[in-house]
$ cat start38.txt   # compact mmCIF, C-alpha atoms
# COMPACT_ATOMS: atom_id res chain seq x y z
CA MET X 4 -59.19 17.67 -200.45
CA ILE X 5 -61.01 16.96 -203.72
CA GLY X 6 -61.68 13.57 -205.26
CA ILE X 7 -60.41 11.49 -202.37
CA ALA X 8 -63.67 10.12 -200.90
CA ARG X 9 -62.78 6.56 -201.95
CA LEU X 10 -59.29 6.81 -200.48
CA SER X 11 -60.71 8.27 -197.29
CA ARG X 12 -62.97 5.23 -196.84
CA ILE X 13 -60.03 2.91 -197.48
CA LEU X 14 -57.76 4.59 -194.92
CA ARG X 15 -60.53 4.66 -192.29
CA THR X 16 -61.08 0.94 -192.84
CA ILE X 17 -57.38 0.20 -192.49
CA ALA X 18 -57.30 2.19 -189.25
CA VAL X 19 -60.05 -0.05 -187.84
CA SER X 20 -58.18 -3.25 -188.70
CA GLY X 21 -56.23 -3.09 -185.43
CA ALA X 22 -59.47 -3.28 -183.44
CA ILE X 23 -60.35 -6.56 -185.15
CA ASP X 24 -57.04 -8.22 -184.31
CA SER X 25 -54.01 -6.36 -182.97
CA ARG X 26 -51.79 -9.03 -184.53
CA SER X 27 -53.20 -8.30 -187.98
CA ARG X 28 -53.00 -4.56 -188.44
CA LEU X 29 -53.03 -3.80 -192.13
CA SER X 30 -50.02 -1.89 -193.42
CA ALA X 31 -50.26 0.12 -196.62
CA ILE X 32 -48.21 2.28 -198.94
CA LEU X 33 -49.74 5.05 -201.04
CA ILE X 34 -48.06 5.13 -204.44
CA ALA X 35 -48.79 8.37 -206.25
CA PRO X 36 -46.98 11.26 -207.96
CA SER X 37 -45.59 14.19 -206.03
CA ASP X 38 -48.30 16.74 -205.19
CA ALA X 39 -51.00 14.02 -205.12
CA GLY X 40 -51.80 14.64 -201.44
CA LYS X 41 -50.30 11.49 -199.92
CA SER X 42 -49.10 13.22 -196.75
CA GLU X 43 -52.37 15.04 -196.20
CA LEU X 44 -54.34 11.84 -196.67
CA LEU X 45 -52.25 9.93 -194.16
CA LEU X 46 -52.23 12.70 -191.57
CA SER X 47 -56.00 13.13 -191.87
CA HIS X 48 -56.67 9.44 -191.17
CA LEU X 49 -54.36 8.48 -188.33
CA PRO X 50 -55.16 5.13 -186.66
CA PRO X 51 -55.46 5.02 -182.86
CA GLY X 52 -52.05 4.70 -181.23
CA ALA X 53 -50.19 6.08 -184.24
CA ARG X 54 -46.88 7.92 -184.12
CA VAL X 55 -46.00 10.20 -187.03
CA LEU X 56 -42.35 10.15 -188.12
CA ASP X 57 -40.93 12.34 -190.87
CA ASP X 58 -37.70 10.36 -191.01
CA PHE X 59 -35.93 7.73 -188.93
CA THR X 60 -33.12 5.19 -188.90
CA THR X 61 -32.58 2.05 -186.83
CA ALA X 62 -31.39 4.16 -183.88
CA GLY X 63 -34.59 6.20 -183.95
CA LEU X 64 -36.70 3.07 -184.28
CA LEU X 65 -34.96 1.51 -181.29
CA ASN X 66 -35.56 4.61 -179.19
CA LEU X 67 -39.22 4.67 -180.23
CA LEU X 68 -39.86 1.04 -179.31
CA ASP X 69 -37.99 1.40 -176.05
CA LYS X 70 -40.14 4.32 -174.85
CA GLU X 71 -43.49 4.64 -176.60
CA ARG X 72 -44.17 1.45 -178.54
CA PRO X 73 -46.83 2.82 -180.88
CA ASP X 74 -49.38 0.55 -182.52
CA TRP X 75 -48.73 2.21 -185.86
CA ILE X 76 -45.93 4.18 -187.46
CA VAL X 77 -47.08 6.74 -190.01
CA VAL X 78 -44.37 8.01 -192.35
CA PRO X 79 -45.90 10.52 -194.79
CA ASP X 80 -42.90 10.33 -197.14
CA LEU X 81 -40.94 7.08 -197.22
CA ASN X 82 -38.55 8.66 -199.74
CA ALA X 83 -36.73 10.32 -196.84
CA VAL X 84 -36.16 7.00 -195.06
CA ILE X 85 -34.94 5.04 -198.08
CA SER X 86 -32.74 7.88 -199.37
CA HIS X 87 -30.18 7.42 -196.61
CA LYS X 88 -26.90 5.68 -197.38
CA PRO X 89 -27.64 2.11 -198.59
CA ALA X 90 -26.24 0.44 -195.48
CA VAL X 91 -28.38 2.63 -193.21
CA ALA X 92 -31.54 2.35 -195.31
CA ASN X 93 -31.23 -1.42 -195.76
CA LEU X 94 -30.87 -2.00 -192.02
CA THR X 95 -33.86 0.22 -191.28
CA MET X 96 -36.01 -1.64 -193.79
CA ALA X 97 -34.88 -5.01 -192.43
CA ASN X 98 -35.99 -4.03 -188.94
CA LEU X 99 -39.29 -2.71 -190.26
CA LEU X 100 -39.84 -6.01 -192.04
CA SER X 101 -39.52 -7.98 -188.81
CA LEU X 102 -41.90 -5.62 -186.99
CA LEU X 103 -44.54 -5.81 -189.72
CA GLY X 104 -44.46 -9.60 -189.89
CA GLU X 105 -44.93 -11.96 -187.00
CA GLY X 106 -43.39 -9.40 -184.69
CA THR X 107 -40.01 -9.32 -183.02
CA SER X 108 -38.55 -8.80 -179.58
CA GLU X 109 -35.15 -7.80 -180.95
CA ILE X 110 -33.74 -5.10 -183.21
CA LEU X 111 -30.64 -5.46 -185.34
CA SER X 112 -28.00 -2.84 -184.51
CA PRO X 113 -25.69 -1.27 -187.10
CA ASP X 114 -22.88 -3.63 -186.07
CA GLY X 115 -25.08 -6.68 -186.66
CA SER X 116 -25.74 -7.53 -183.03
CA LYS X 117 -29.26 -8.01 -181.68
CA ILE X 118 -30.72 -5.66 -179.08
CA LYS X 119 -33.65 -6.93 -177.02
CA VAL X 120 -36.52 -4.46 -176.80
CA SER X 121 -39.28 -6.63 -175.32
CA ASP X 122 -40.01 -9.99 -173.75
CA ASP X 123 -42.95 -10.47 -176.11
CA PRO X 124 -42.93 -9.95 -179.89
CA ILE X 125 -43.77 -6.37 -180.88
CA ARG X 126 -46.01 -5.95 -183.92
CA ILE X 127 -46.79 -2.64 -185.54
CA GLY X 128 -48.65 -1.34 -188.57
CA LEU X 129 -47.05 0.97 -191.11
CA LEU X 130 -48.78 3.59 -193.23
CA THR X 131 -46.59 5.49 -195.65
CA GLY X 132 -46.40 7.08 -199.07
CA VAL X 133 -43.89 7.07 -201.91
CA THR X 134 -43.60 8.32 -205.48
CA PRO X 135 -43.92 5.76 -208.30
CA ASP X 136 -40.35 6.32 -209.52
CA MET X 137 -38.91 5.68 -206.07
CA PHE X 138 -41.13 2.66 -205.50
CA PHE X 139 -40.46 1.03 -208.85
CA SER X 140 -36.72 1.48 -208.44
CA ARG X 141 -36.87 -0.68 -205.29
CA ARG X 142 -39.71 -3.11 -205.93
CA GLY X 143 -37.41 -5.93 -207.06
CA ARG X 144 -35.29 -5.75 -203.91
CA TRP X 145 -38.36 -5.44 -201.68
CA ARG X 146 -39.92 -8.44 -203.40
CA ALA X 147 -36.81 -10.49 -202.67
CA THR X 148 -36.77 -9.57 -198.96
CA GLY X 149 -40.52 -10.10 -198.48
CA PHE X 150 -41.20 -6.44 -197.70
CA LEU X 151 -43.76 -6.15 -200.51
CA ARG X 152 -45.76 -8.97 -198.91
CA ARG X 153 -46.19 -6.89 -195.75
CA LEU X 154 -47.37 -3.67 -197.42
CA VAL X 155 -50.55 -3.50 -199.46
CA PRO X 156 -50.14 -1.00 -202.33
CA ILE X 157 -52.67 1.74 -202.95
CA TYR X 158 -51.68 3.05 -206.39
CA TYR X 159 -53.56 6.06 -207.72
CA THR X 160 -53.43 9.27 -209.70
CA TYR X 161 -55.88 12.00 -210.71
CA GLY X 162 -57.83 12.00 -213.95
CA ARG X 163 -58.31 15.08 -216.13
CA GLU X 164 -61.68 16.03 -214.65
CA THR X 165 -60.42 15.83 -211.05
CA GLN X 166 -57.31 17.82 -211.96
CA THR X 167 -59.52 20.54 -213.44
CA GLU X 168 -61.69 20.58 -210.32
CA ILE X 169 -58.63 20.92 -208.09
CA GLN X 170 -57.19 23.69 -210.27
CA THR X 171 -60.49 25.58 -210.08
CA ALA X 172 -60.48 25.28 -206.30
CA ILE X 173 -56.95 26.71 -206.19
CA VAL X 174 -58.03 29.61 -208.41
CA ASN X 175 -60.80 30.30 -205.91
CA GLY X 176 -58.31 30.55 -203.06
CA HIS X 177 -58.39 27.01 -201.63
CA ASP X 178 -54.65 26.53 -201.82
CA THR X 179 -53.72 26.02 -198.18
CA SER X 180 -51.03 23.43 -197.49
CA ALA X 181 -51.60 23.07 -193.74
CA TYR X 182 -52.00 19.40 -192.83
CA THR X 183 -54.51 18.72 -190.06
CA ARG X 184 -53.79 15.64 -187.99
CA ASN X 185 -56.99 13.74 -187.27
CA SER X 186 -57.39 10.29 -185.73
CA VAL X 187 -59.98 7.81 -186.89
CA THR X 188 -62.53 6.91 -184.23
CA VAL X 189 -62.71 3.18 -183.61
CA ARG X 190 -65.66 1.45 -181.96
CA SER X 191 -63.80 -0.54 -179.34
CA SER X 192 -66.92 -2.53 -178.45
CA ILE X 193 -66.60 -4.58 -181.63
CA LEU X 194 -64.30 -7.47 -180.77
CA SER X 195 -65.12 -9.96 -183.51
CA VAL X 196 -66.70 -9.86 -186.95
CA LYS X 197 -67.92 -13.02 -188.66
CA LEU X 198 -67.25 -13.66 -192.33
CA PRO X 199 -69.95 -15.88 -193.89
CA LEU X 200 -68.80 -18.54 -196.33
CA ALA X 201 -70.99 -17.08 -199.09
CA ILE X 202 -68.89 -13.91 -198.96
CA ALA X 203 -65.59 -15.60 -198.10
CA ARG X 204 -65.51 -17.25 -201.52
CA PRO X 205 -65.69 -14.02 -203.57
CA VAL X 206 -63.11 -12.51 -201.20
CA ARG X 207 -60.77 -15.35 -202.17
CA ASP X 208 -61.54 -14.80 -205.86
CA LEU X 209 -60.68 -11.10 -205.62
CA ALA X 210 -57.33 -11.91 -204.01
CA GLU X 211 -56.49 -14.42 -206.71
CA ASP X 212 -57.51 -11.91 -209.39
CA ALA X 213 -55.17 -9.30 -207.92
CA ILE X 214 -52.26 -11.76 -207.82
CA ARG X 215 -52.83 -12.84 -211.41
CA TYR X 216 -53.57 -9.53 -213.13
CA GLN X 217 -52.67 -6.54 -210.95
CA LEU X 218 -49.76 -7.26 -208.63
CA LYS X 219 -47.20 -7.65 -211.38
CA TRP X 220 -44.97 -5.57 -213.59
CA ALA X 221 -43.23 -5.94 -216.90
CA ALA X 222 -39.74 -4.92 -217.95
CA ARG X 223 -38.34 -4.93 -221.45
CA ALA X 224 -35.18 -6.93 -221.99
CA VAL X 225 -32.19 -4.74 -222.74
CA THR X 226 -31.16 -5.02 -226.41
CA ALA X 227 -29.34 -2.85 -228.88
CA THR X 228 -32.64 -1.60 -230.28
CA ASP X 229 -34.52 -1.71 -226.97
CA ASP X 230 -37.27 -3.75 -228.58
CA GLY X 231 -36.71 -7.04 -226.78
CA PRO X 232 -39.50 -9.15 -225.29
CA ARG X 233 -41.20 -7.95 -222.14
CA ARG X 234 -40.65 -10.09 -219.04
CA GLU X 235 -43.42 -10.14 -216.45
CA THR X 236 -42.71 -10.43 -212.74
CA ARG X 237 -45.40 -11.26 -210.19
CA ALA X 238 -45.02 -9.67 -206.79
CA PHE X 239 -46.13 -12.90 -205.08
CA GLU X 240 -45.71 -16.51 -206.08
CA LEU X 241 -48.60 -17.67 -203.88
CA PRO X 242 -51.93 -15.97 -203.06
CA PHE X 243 -52.25 -16.87 -199.37
CA THR X 244 -50.97 -13.65 -197.80
CA LEU X 245 -53.16 -11.39 -199.92
CA HIS X 246 -56.16 -13.65 -199.32
CA LYS X 247 -55.73 -13.23 -195.54
CA LEU X 248 -55.25 -9.48 -195.98
CA TYR X 249 -58.49 -9.17 -197.95
CA ARG X 250 -60.32 -11.13 -195.26
CA ARG X 251 -59.03 -8.70 -192.62
CA TYR X 252 -60.03 -5.72 -194.73
CA VAL X 253 -63.60 -6.85 -195.36
CA ARG X 254 -64.08 -7.58 -191.65
CA ALA X 255 -62.63 -4.18 -190.74
CA HIS X 256 -65.03 -2.56 -193.21
CA ALA X 257 -67.93 -4.20 -191.41
CA ALA X 258 -66.57 -3.05 -188.04
CA LEU X 259 -66.21 0.50 -189.34
CA HIS X 260 -69.96 0.50 -189.96
CA GLY X 261 -70.86 -1.12 -186.64
CA ARG X 262 -71.59 -4.58 -188.01
CA ARG X 263 -70.57 -7.86 -186.39
CA ARG X 264 -71.16 -9.81 -189.59
CA VAL X 265 -69.77 -9.09 -193.05
CA THR X 266 -72.44 -8.19 -195.60
CA HIS X 267 -72.52 -7.60 -199.34
CA ALA X 268 -72.04 -3.88 -198.64
CA ASP X 269 -68.68 -4.76 -197.11
CA LEU X 270 -67.83 -6.93 -200.11
CA ALA X 271 -68.56 -3.91 -202.30
CA GLY X 272 -66.15 -1.89 -200.15
CA LEU X 273 -63.48 -4.55 -200.61
CA THR X 274 -64.10 -4.59 -204.36
CA ASP X 275 -63.43 -0.85 -204.54
CA PHE X 276 -60.27 -1.27 -202.43
CA HIS X 277 -59.22 -4.08 -204.77
CA ARG X 278 -59.13 -1.62 -207.69
CA PHE X 279 -56.26 0.26 -206.00
CA VAL X 280 -54.27 -2.85 -205.03
CA ARG X 281 -52.05 -2.99 -208.08
CA TYR X 282 -48.63 -2.31 -209.57
CA ASP X 283 -49.57 -2.49 -213.26
CA GLU X 284 -51.32 0.90 -213.53
CA PRO X 285 -52.80 3.49 -211.16
CA GLU X 286 -56.47 3.73 -210.32
CA ILE X 287 -57.82 7.01 -211.70
CA LEU X 288 -59.63 9.31 -209.29

$ encode --input "start38.txt" --output "structure tokens"
Amino acid sequence: MIGIARLSRILRTIAVSGAIDSRSRLSAILIAPSDAGKSELLLSHLPPGARVLDDFTTAGLLNLLDKERPDWIVVPDLNAVISHKPAVANLTMANLLSLLGEGTSEILSPDGSKIKVSDDPIRIGLLTGVTPDMFFSRRGRWRATGFLRRLVPIYYTYGRETQTEIQTAIVNGHDTSAYTRNSVTVRSSILSVKLPLAIARPVRDLAEDAIRYQLKWAARAVTATDDGPRRETRAFELPFTLHKLYRRYVRAHAALHGRRRVTHADLAGLTDFHRFVRYDEPEIL
């Protein structure tokens, strides 16, 4: 693929996050137009212990946890999951929410009863992709349920120069659509990575910057002339969750490069990741 070097580094870093702390696997959602390569990106950067699912409901999730219990679920196209009947899709997303959070030992069944799947809480990571239209049509509901807080957005599109480069490659015959599944290699010897206070402070500042300026959206009030005031909505009221997520990411970035201590090179990697963590506008590749 062309123009995705930055995204490749981000996905490899996320894949390493489970080696830092299995209770803190980072979950992410690629938000990009159709034909932007979301599926290929995800399938080319599978975390260890990942299971790829094209579509599933609560019944499929229950069967998966009962037999395989993957560390990660990779869903190349979340549109398929959330396009089921509302009752089915809402139940599936509710169960995903509990698995992505503190973990759960029970799954809600379609009739509302709880089914025990483990004696200990099961926690998983989720990597998925969705189109902007589909995402923005559900962001308000996902904000209300807390689902947005569990999934870090990676919002991107291609600039004119990259589009031209891709078109030229297609003209030259590089138009294959075969997706190669590749797993990211994780250095299991790295058990802990220290985050010095001198770097922890700018990590906090980046998280607060994202909350204030990037993780928000605006909607125009409905009026007869459609020229009413724009009302801004922040995805999060408080910055704590994103702050912890950024700390995990910068430590995972260090681990990816074989370091046991976060350096300014890792802070630079977090800063680049930060440019994609937004709802206001896509990062241009």

$ residues_around --input "start38.txt" --residues "Lys117 in chain X" --least-positions-apart "4" --cutoff "12 Å" --atoms "only C-alpha atoms" --output "ChimeraX atom specification"
/X:61,65,98,107-113,121

$ closest_residue --input "start38.txt" --among "X:Asp208, X:Leu270, X:Leu64, X:Gly261" --to "Phe243 in chain X" --atoms "only C-alpha atoms"
X:Asp208

$ atom_distance --input "start38.txt" --atom1 "CA of Val280 in chain X" --atom2 "CA of His260 in chain X"
22.0 Å

$ closest_residue --input "start38.txt" --among "X:Arg126, X:Arg15, X:Arg251, X:Arg278" --to "Ser195 in chain X" --atoms "all atoms listed in the file"
X:Arg251

$ residues_around --input "start38.txt" --residues "Pro135 in chain X" --least-positions-apart "6" --cutoff "7 Å" --atoms "all atoms listed in the file" --output "PyMOL selection string"
chain X and resi 34-36

$ atom_distance --input "start38.txt" --atom1 "CA of Arg9 in chain X" --atom2 "CA of Phe276 in chain X"
8.2 Å

$ residues_around --input "start38.txt" --residues "Ala238 in chain X" --least-positions-apart "6" --cutoff "9 Å" --atoms "only C-alpha atoms" --output "list in words"
Arg142, Gly143, Arg146, Leu151, Arg152, Ile214, Leu218, Lys219, Trp220 and Tyr282 of chain X

$ atom_distance --input "start38.txt" --atom1 "CA of Ser37 in chain X" --atom2 "CA of Arg281 in chain X"
18.5 Å

$ closest_residue --input "start38.txt" --among "X:His267, X:Arg215, X:His256, X:Lys119" --to "Leu14 in chain X" --atoms "only C-alpha atoms"
X:His256

$ residues_near_point --input "start38.txt" --point "(-42.7, 14.1, -190.3)" --cutoff "7 Å" --atoms "all atoms listed in the file" --output "list in words"
Val55, Leu56, Asp57, Asp58, Val78 and Pro79 of chain X

$ closest_residue --input "start38.txt" --among "X:Ala255, X:Met96, X:Ala31, X:Ala39" --to "Arg144 in chain X" --atoms "only C-alpha atoms"
X:Met96

$ closest_residue --input "start38.txt" --among "X:Ala257, X:Leu154, X:Met137, X:Asp69" --to "Ile118 in chain X" --atoms "only C-alpha atoms"
X:Asp69

$ residues_around --input "start38.txt" --residues "Leu209 in chain X" --least-positions-apart "2" --cutoff "9 Å" --atoms "all atoms listed in the file" --output "PyMOL selection string"
chain X and resi 204-207+211-214+246+249+273-274+277

$ closest_residue --input "start38.txt" --among "X:Lys88, X:Gly6, X:Ile287, X:Ser140" --to "Gly162 in chain X" --atoms "only C-alpha atoms"
X:Ile287
